[in-house]
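Just below is one structure, and these are the notes that go with it.
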Amino acid sequence: MFYRTILSGCGAYLPERIVTNKELSKTLETSDEWIQQRTGICERRIADNNELTSNLAVNAARNALENSGVSVSEIDLIVLATATPDKTFPATATKVQADLGIFHGAAFDIQAVCTGFIYALNVADNFIKLGQARNALVIGAETFSRILDWKDRRTCVLFGDGAGAVVLSAAEKGDKRGILSTHIRSDGRHQDLLHVDGGPSSTMTVGYLRMEGREVFKHAVTNMSAILLEALAENKLEANDIDWLVPHQANKRILDSTAKKIGLPAEKVVLTVDRHANTSAASIPLALSEAAGDGRIKQNDLVVLEAMGGGFTWGAAVIRW
């Protein structure tokens, strides 16, 4: 049985500790001006040593459930997007499931780095459309601070920790709102341009994030603008039909360049990178929760999500709010 999937609610959680550019400049050869000029980032949140990815995810999920009015007993699927799981296995989603007091349904992780939330949204949307789930929790949660080389100013200044979540529900017949389409892509030829060295099956333990910034920038603008135009064409829409673009918050220059390439005014782009930095799979749901919570995103608005991450992976989703 096919349903349309609507977003019933969203929620977010950020660690309490704020690390400013000025604080980083005390231990790195950098400055607030240098970081802001190149990235648009002013500060980021960093998880405490006793905060795991699952802790951030649970808090965001609880906020999303409260916002949606859907109870934990009604959730039959949890899809958690993360590149920084608590353990190699089991899936961090099962820890979230247990902590929320959900003892039925299914829970699993998705790993597509910064595109992870859109991949997770795609999977959960298909579960609902096939009638295999009625209500799903889709979460993006990261503790990227654990995989950063804090002596490398090219990378450590770019990232932060956080979590965001949405509740997806099967729509009533005739409801025009909801997820209109999702689009996901990958090209593994470029994985060495953005990766973390090491891993369970390699000869070394997990190391640090490595990135070729200039190359990633070029691919990001090209791939994200292309997938955006593809998503709009699929729904017979144009850029001027978009009420809000909620992009992955990697770098303000990337966001500006992508919006300019498709002819979208900057005032239609939801921006949180200045305060959150790049939170990988958490960045889109964090930004979405903020824009919905402060009233910018209103019912029936056309909202488009887009991201690119390591792999390379990239994707987009078109939603009627």
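Residue numbering restarts at 1 for every chain of the structure tokens, chains are lettered A, B, ... in their displayed order, and ligands are numbered from 1 as they appear.
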Contact table region 2-117 of chain A vs region 212-224 of chain A, cut-off 12 Å, shortest pair per residue, only C-alpha atoms, as CSV:
```
residue,atom,partner,partner_atom,distance
A:Arg38,CA,A:Gly213,CA,11.0
A:Thr39,CA,A:Phe217,CA,11.1
A:Cys114,CA,A:Ala220,CA,11.2
A:Thr115,CA,A:Met224,CA,10.6
```
Practice item. Write out as a PyMOL selection string each polymer residue whose atoms come within 7 Å of region 161-169 of chain A, counting only C-alpha atoms; drop sequence neighbours fewer than 3 positions from it. Key: chain A and resi 5-15+45-47+56-57+60-61+64-65+68+134-145+279+282+285-286
Enumerate as a short mmCIF file (atom, residue, chain, number, x, y, z; two decimals) with C-alpha atoms, in the first residue's frame all residues of region 132-295 of chain A assigned to helix (DSSP H, G or I) by DSSP on the backbone, naming them with the chain letters and numbers the document uses.
```cif
data_model
loop_
_atom_site.label_atom_id
_atom_site.label_comp_id
_atom_site.auth_asym_id
_atom_site.auth_seq_id
_atom_site.Cartn_x
_atom_site.Cartn_y
_atom_site.Cartn_z
CA PHE A 144 33.04 14.77 14.69
CA SER A 145 35.26 16.31 17.35
CA ARG A 146 36.44 12.74 18.11
CA ILE A 147 37.94 12.21 14.63
CA ARG A 153 44.02 24.08 11.17
CA ARG A 154 42.80 23.16 7.66
CA THR A 155 40.25 20.69 9.06
CA CYS A 156 39.65 21.04 12.80
CA GLY A 188 33.52 6.24 -5.08
CA ARG A 189 36.35 7.29 -7.35
CA HIS A 190 36.83 10.43 -5.25
CA GLN A 191 36.81 8.89 -1.77
CA ASP A 192 40.44 9.77 -1.04
CA LEU A 193 39.65 13.49 -1.28
CA GLY A 213 39.65 21.28 0.53
CA ARG A 214 39.95 22.89 -2.92
CA GLU A 215 38.96 19.73 -4.77
CA VAL A 216 36.05 19.04 -2.42
CA PHE A 217 34.81 22.60 -2.90
CA LYS A 218 34.71 22.23 -6.71
CA HIS A 219 32.90 18.88 -6.59
CA ALA A 220 30.46 20.16 -3.96
CA VAL A 221 29.25 23.14 -5.99
CA THR A 222 28.97 21.08 -9.19
CA ASN A 223 27.25 18.06 -7.67
CA MET A 224 24.87 19.93 -5.39
CA SER A 225 23.66 22.34 -8.05
CA ALA A 226 23.17 19.42 -10.48
CA ILE A 227 21.15 17.32 -8.03
CA LEU A 228 19.06 20.37 -7.10
CA LEU A 229 18.14 21.00 -10.72
CA GLU A 230 17.38 17.30 -11.19
CA ALA A 231 15.08 17.28 -8.15
CA LEU A 232 13.24 20.38 -9.36
CA ALA A 233 12.85 18.98 -12.89
CA GLU A 234 11.45 15.72 -11.50
CA ALA A 239 14.24 27.57 -8.67
CA ASN A 240 11.84 30.48 -8.07
CA ASP A 241 9.26 27.98 -6.75
CA LYS A 252 29.20 29.50 3.50
CA ARG A 253 31.14 29.99 0.28
CA ILE A 254 29.86 26.62 -1.01
CA LEU A 255 26.29 27.53 -0.06
CA ASP A 256 26.53 30.94 -1.72
CA SER A 257 28.06 29.49 -4.88
CA THR A 258 25.45 26.72 -5.16
CA ALA A 259 22.52 29.12 -4.68
CA LYS A 260 23.99 31.52 -7.24
CA LYS A 261 24.50 28.72 -9.76
CA ILE A 262 20.80 27.81 -9.76
CA ALA A 266 20.55 34.22 -0.69
CA GLU A 267 17.62 35.20 1.57
CA LYS A 268 15.92 31.88 0.72
CA VAL A 273 27.06 27.18 9.63
CA ASP A 274 28.16 30.37 11.41
CA ARG A 275 27.07 28.94 14.80
CA HIS A 276 27.14 25.16 14.26
CA SER A 280 27.98 16.34 8.91
CA ALA A 281 24.76 14.25 8.91
CA ALA A 282 23.30 16.42 11.68
CA SER A 283 23.56 19.73 9.82
CA ILE A 284 20.39 19.56 7.71
CA PRO A 285 18.01 18.44 10.50
CA LEU A 286 19.57 21.02 12.84
CA ALA A 287 18.95 23.79 10.31
CA LEU A 288 15.50 22.44 9.46
CA SER A 289 14.49 22.37 13.12
CA GLU A 290 15.68 25.94 13.65
CA ALA A 291 13.87 27.35 10.60
CA ALA A 292 10.64 25.49 11.40
CA GLY A 293 10.86 26.43 15.08
#
```
Which residues are near region 92-109 of chain A? Cut-off 8 Å, only C-alpha atoms, ignore same chain within fewer than 3 positions. Put them as a CSV table (one decimal) with C-alpha atoms, in the first residue's frame.
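Below you can see part35.csv, which holds the result:
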```csv
chain,number,residue,atom,x,y,z
A,53,THR,CA,26.6,10.2,19.5
A,54,SER,CA,23.7,8.2,20.9
A,55,ASN,CA,23.2,10.7,23.7
A,57,ALA,CA,20.6,11.5,19.1
A,58,VAL,CA,18.3,10.6,21.9
A,62,ARG,CA,12.8,13.3,22.2
A,72,VAL,CA,7.2,6.4,21.3
A,73,SER,CA,4.7,3.5,21.2
A,75,ILE,CA,7.3,4.6,16.3
A,76,ASP,CA,8.1,1.5,14.3
A,77,LEU,CA,11.3,2.5,12.5
A,78,ILE,CA,14.5,4.4,13.5
A,79,VAL,CA,17.0,5.3,10.8
A,80,LEU,CA,20.1,7.0,12.2
A,81,ALA,CA,22.6,8.7,9.9
A,82,THR,CA,26.1,9.0,11.5
A,85,PRO,CA,28.9,5.7,15.8
A,86,ASP,CA,29.3,4.8,19.5
A,87,LYS,CA,30.8,1.5,18.6
A,89,PHE,CA,28.8,-2.6,16.3
```
For Val318 (chain A), the closest of A:Gln111, A:Thr203, A:Ser181, A:Ser71 counting only C-alpha atoms is A:Ser181
Extract, using only C-alpha atoms, all DNA, RNA and protein residues at most 12 Å from Lys176 (chain A), discarding same-chain residues fewer than 5 positions from it, and format them as a PyMOL selection string. chain A and resi 3-6+171+299-302+319-321
Secondary structure check, strand (DSSP E) residues of region 146-176 of chain A, as a list in words: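 Those residues are Asp161, Gly162, Ala163, Gly164, Ala165, Val166, Val167, Leu168, Ser169 and Ala170 of chain A.
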| CA of Leu148 (chain A) to CA of Trp34 (chain A), straight-line distance in Å |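 Interatomic distance, CA of Trp34 (chain A) to CA of Leu148 (chain A): 19.2 Å.
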| Distance criterion (only C-alpha atoms): nearest to Lys129 (chain A) out of A:Asp149, A:Leu180, A:Lys22, A:Cys42 |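 Going through A:Asp149, A:Leu180, A:Lys22, A:Cys42 one by one, the smallest distance to Lys129 (chain A) is for A:Leu180.
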Checklist line | Leu245 (chain A) surroundings by only C-alpha atoms, 8 Å radius, close-in-sequence under 6 positions cut, as a ChimeraX atom specification | finding: /A:268-270,303-306
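Taking CA of Arg17 (chain A) and CA of Glu29 (chain A) as endpoints, the distance between them is 22.0 Å.
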Computed gap from CA of Gly131 (chain A) to CA of Lys173 (chain A) is 13.3 Å
